[in-house]
Amino acid sequence: MQYSRLLMSKIPLTSIISRYHNMPKFCANLSFMFTEKPFEERYQLARDAGFKAVESAFPLGISKDDLVNHKTKANVEQILINTYTDTTKGEFGYAAVVGQGWQFDDSLKLTIDYAKSLGAKKIHIMSGKVEQPTAFNDERCENNLWYASKMLEKENIIGLIEPINKYSLPNYYMDSYEKALSLIKKVNSPNLKLMLDIFHLQQIQGDITHTIKDVIQHVGHVQIAQVPNRNEPDTAGEINYQYVFDLLESVGYNDWIGLEYKPSATTVQGLKWIKDFNYTL
């Protein structure tokens, strides 16, 4: 709840202080939000809206120096960046794609370079689209993730793998939590964790409460959006996000929550949910 409202309540001061310090930390996803302006200008727009931190997909066509310049001027923290992948060609990563080992290696190295310059400590390693996965894809993905984890350990960066639902991205290799958790356990690196996007979780298997409790020890980042239209968490849909935020707090998650949703109107107009949920940026 907002600090001022809590002070006016009858809740004990110690509980107020605890709740205040455990408020969710929201970072704006610049690939989804503030799209009214070119990508590099969104850093300042996020700051003007009150955000202290941002995340994004890999910014195609923008130089590293330009990004760093705009981020520094805006005085925001970059939490996460996706691995380079040419989405204009229908590509969504290379980790599980047989025959594209050189692309995975080049993509990872380029993304690490950008992440280090931007100060990002998390990289979403995208696995790619595979129409009919086989044991060769499984082996390729495991080997690539092991290789990536060793590189990331040296840079003190966390690698994330994210199950994505089949409705949003058909044929994406990383399409289940069982698959993601199995790979995390096989690679067995402190620098490989789970990206838990509640939007995808609901559409892959539902059972949000039990799933969060079961996987939380492996979670390195959380993202949110309403289902099914991927808008703000207070819009009409399947998920009660006030409950989800309380649940995340109860299981001890206190890291950043990425707002990877499509604003239903303008980005700033849509941010009213934060105040309505009694949170602050």
# chains A, B, ... in the order shown; residues from 1 in each chain; ligands from 1
>>> select_by_dssp(residues="region 37-107 of chain A", states="strand (DSSP E)", output="ChimeraX atom specification")
/A:53-56,77-82
>>> select_by_dssp(residues="region 62-126 of chain A", states="alpha helix (DSSP H)", output="list in words")
Lys64, Asp65, Asp66, Leu67, Val68, Asn69, His70, Lys71, Thr72, Lys73, Ala74, Gly101, Trp102, Gln103, Phe104, Asp105, Asp106, Ser107, Leu108, Lys109, Leu110, Thr111, Ile112, Asp113, Tyr114, Ala115, Lys116, Ser117 and Leu118 of chain A
>>> write_last_selection(atoms="N, CA, C and O atoms", output="compact mmCIF listing (two decimals), in the first residue's frame")
# COMPACT_ATOMS: atom_id res chain seq x y z
N LYS A 64 25.28 0.53 -29.80
CA LYS A 64 25.49 0.43 -28.35
C LYS A 64 25.75 1.80 -27.74
O LYS A 64 25.21 2.13 -26.67
N ASP A 65 26.54 2.61 -28.40
CA ASP A 65 26.87 3.93 -27.86
C ASP A 65 25.63 4.81 -27.74
O ASP A 65 25.47 5.56 -26.76
N ASP A 66 24.75 4.76 -28.74
CA ASP A 66 23.52 5.55 -28.70
C ASP A 66 22.65 5.12 -27.52
O ASP A 66 22.07 5.95 -26.81
N LEU A 67 22.53 3.82 -27.33
CA LEU A 67 21.72 3.30 -26.22
C LEU A 67 22.28 3.75 -24.88
O LEU A 67 21.54 4.23 -24.01
N VAL A 68 23.57 3.58 -24.71
CA VAL A 68 24.19 3.95 -23.44
C VAL A 68 24.01 5.44 -23.18
O VAL A 68 23.73 5.86 -22.05
N ASN A 69 24.14 6.25 -24.23
CA ASN A 69 23.98 7.70 -24.09
C ASN A 69 22.57 8.06 -23.62
O ASN A 69 22.40 8.85 -22.68
N HIS A 70 21.56 7.49 -24.25
CA HIS A 70 20.18 7.79 -23.87
C HIS A 70 19.84 7.24 -22.49
O HIS A 70 19.15 7.91 -21.71
N LYS A 71 20.33 6.06 -22.17
CA LYS A 71 20.08 5.48 -20.84
C LYS A 71 20.74 6.33 -19.75
O LYS A 71 20.13 6.61 -18.71
N THR A 72 21.97 6.76 -20.00
CA THR A 72 22.69 7.56 -19.00
C THR A 72 22.02 8.90 -18.78
O THR A 72 21.87 9.35 -17.64
N LYS A 73 21.61 9.55 -19.86
CA LYS A 73 20.92 10.84 -19.73
C LYS A 73 19.61 10.70 -18.96
O LYS A 73 19.24 11.59 -18.19
N ALA A 74 18.92 9.59 -19.17
CA ALA A 74 17.64 9.38 -18.49
C ALA A 74 17.82 8.96 -17.04
O ALA A 74 16.87 9.04 -16.24
N GLY A 101 24.79 -23.06 -34.66
CA GLY A 101 25.68 -22.87 -33.53
C GLY A 101 26.46 -21.57 -33.60
O GLY A 101 26.63 -20.87 -32.59
N TRP A 102 26.92 -21.23 -34.80
CA TRP A 102 27.69 -19.99 -34.95
C TRP A 102 26.83 -18.77 -34.68
O TRP A 102 27.29 -17.77 -34.12
N GLN A 103 25.53 -18.85 -35.06
CA GLN A 103 24.63 -17.73 -34.79
C GLN A 103 24.38 -17.57 -33.30
O GLN A 103 24.29 -16.46 -32.79
N PHE A 104 24.24 -18.71 -32.60
CA PHE A 104 24.05 -18.63 -31.16
C PHE A 104 25.26 -17.99 -30.49
O PHE A 104 25.13 -17.11 -29.63
N ASP A 105 26.43 -18.43 -30.89
CA ASP A 105 27.67 -17.91 -30.30
C ASP A 105 27.81 -16.42 -30.57
O ASP A 105 28.08 -15.63 -29.64
N ASP A 106 27.61 -16.00 -31.81
CA ASP A 106 27.72 -14.58 -32.15
C ASP A 106 26.66 -13.75 -31.42
O ASP A 106 26.95 -12.65 -30.92
N SER A 107 25.45 -14.28 -31.35
CA SER A 107 24.35 -13.58 -30.68
C SER A 107 24.65 -13.38 -29.20
O SER A 107 24.46 -12.29 -28.65
N LEU A 108 25.13 -14.44 -28.57
CA LEU A 108 25.42 -14.36 -27.14
C LEU A 108 26.53 -13.36 -26.85
O LEU A 108 26.42 -12.53 -25.94
N LYS A 109 27.59 -13.42 -27.63
CA LYS A 109 28.72 -12.51 -27.40
C LYS A 109 28.32 -11.05 -27.62
O LYS A 109 28.71 -10.17 -26.85
N LEU A 110 27.53 -10.80 -28.67
CA LEU A 110 27.07 -9.44 -28.93
C LEU A 110 26.17 -8.94 -27.80
O LEU A 110 26.31 -7.79 -27.35
N THR A 111 25.30 -9.79 -27.33
CA THR A 111 24.38 -9.38 -26.26
C THR A 111 25.12 -9.13 -24.96
O THR A 111 24.81 -8.19 -24.23
N ILE A 112 26.09 -9.95 -24.65
CA ILE A 112 26.90 -9.73 -23.44
C ILE A 112 27.61 -8.38 -23.53
O ILE A 112 27.69 -7.63 -22.54
N ASP A 113 28.11 -8.06 -24.71
CA ASP A 113 28.78 -6.77 -24.91
C ASP A 113 27.82 -5.61 -24.63
O ASP A 113 28.16 -4.65 -23.93
N TYR A 114 26.61 -5.70 -25.17
CA TYR A 114 25.60 -4.67 -24.93
C TYR A 114 25.22 -4.63 -23.45
O TYR A 114 25.10 -3.55 -22.86
N ALA A 115 25.01 -5.80 -22.87
CA ALA A 115 24.58 -5.87 -21.46
C ALA A 115 25.63 -5.22 -20.54
O ALA A 115 25.28 -4.46 -19.63
N LYS A 116 26.88 -5.52 -20.77
CA LYS A 116 27.94 -4.94 -19.94
C LYS A 116 27.96 -3.42 -20.07
O LYS A 116 28.12 -2.70 -19.08
N SER A 117 27.81 -2.91 -21.28
CA SER A 117 27.83 -1.47 -21.50
C SER A 117 26.62 -0.79 -20.86
O SER A 117 26.72 0.34 -20.35
N LEU A 118 25.48 -1.48 -20.88
CA LEU A 118 24.25 -0.92 -20.32
C LEU A 118 24.12 -1.18 -18.82
O LEU A 118 23.23 -0.62 -18.17
>>> closest_residue(among="A:Leu183, A:Ile274, A:Ala96, A:Ile164", to="Cys141 (chain A)", atoms="only C-alpha atoms")
A:Ala96
>>> closest_residue(among="A:Glu260, A:Asp276, A:Glu155, A:Glu40", to="Phe26 (chain A)", atoms="only C-alpha atoms")
A:Glu260
>>> closest_residue(among="A:Lys275, A:Lys193, A:Lys179, A:Lys121", to="Asn156 (chain A)", atoms="only C-alpha atoms")
A:Lys121
>>> closest_residue(among="A:Thr235, A:Ser168, A:Ser250, A:Gln205", to="Ala265 (chain A)", atoms="only C-alpha atoms")
A:Thr235
>>> closest_residue(among="A:Ala148, A:Leu259, A:Val244, A:Ala135", to="Leu30 (chain A)", atoms="only C-alpha atoms")
A:Leu259
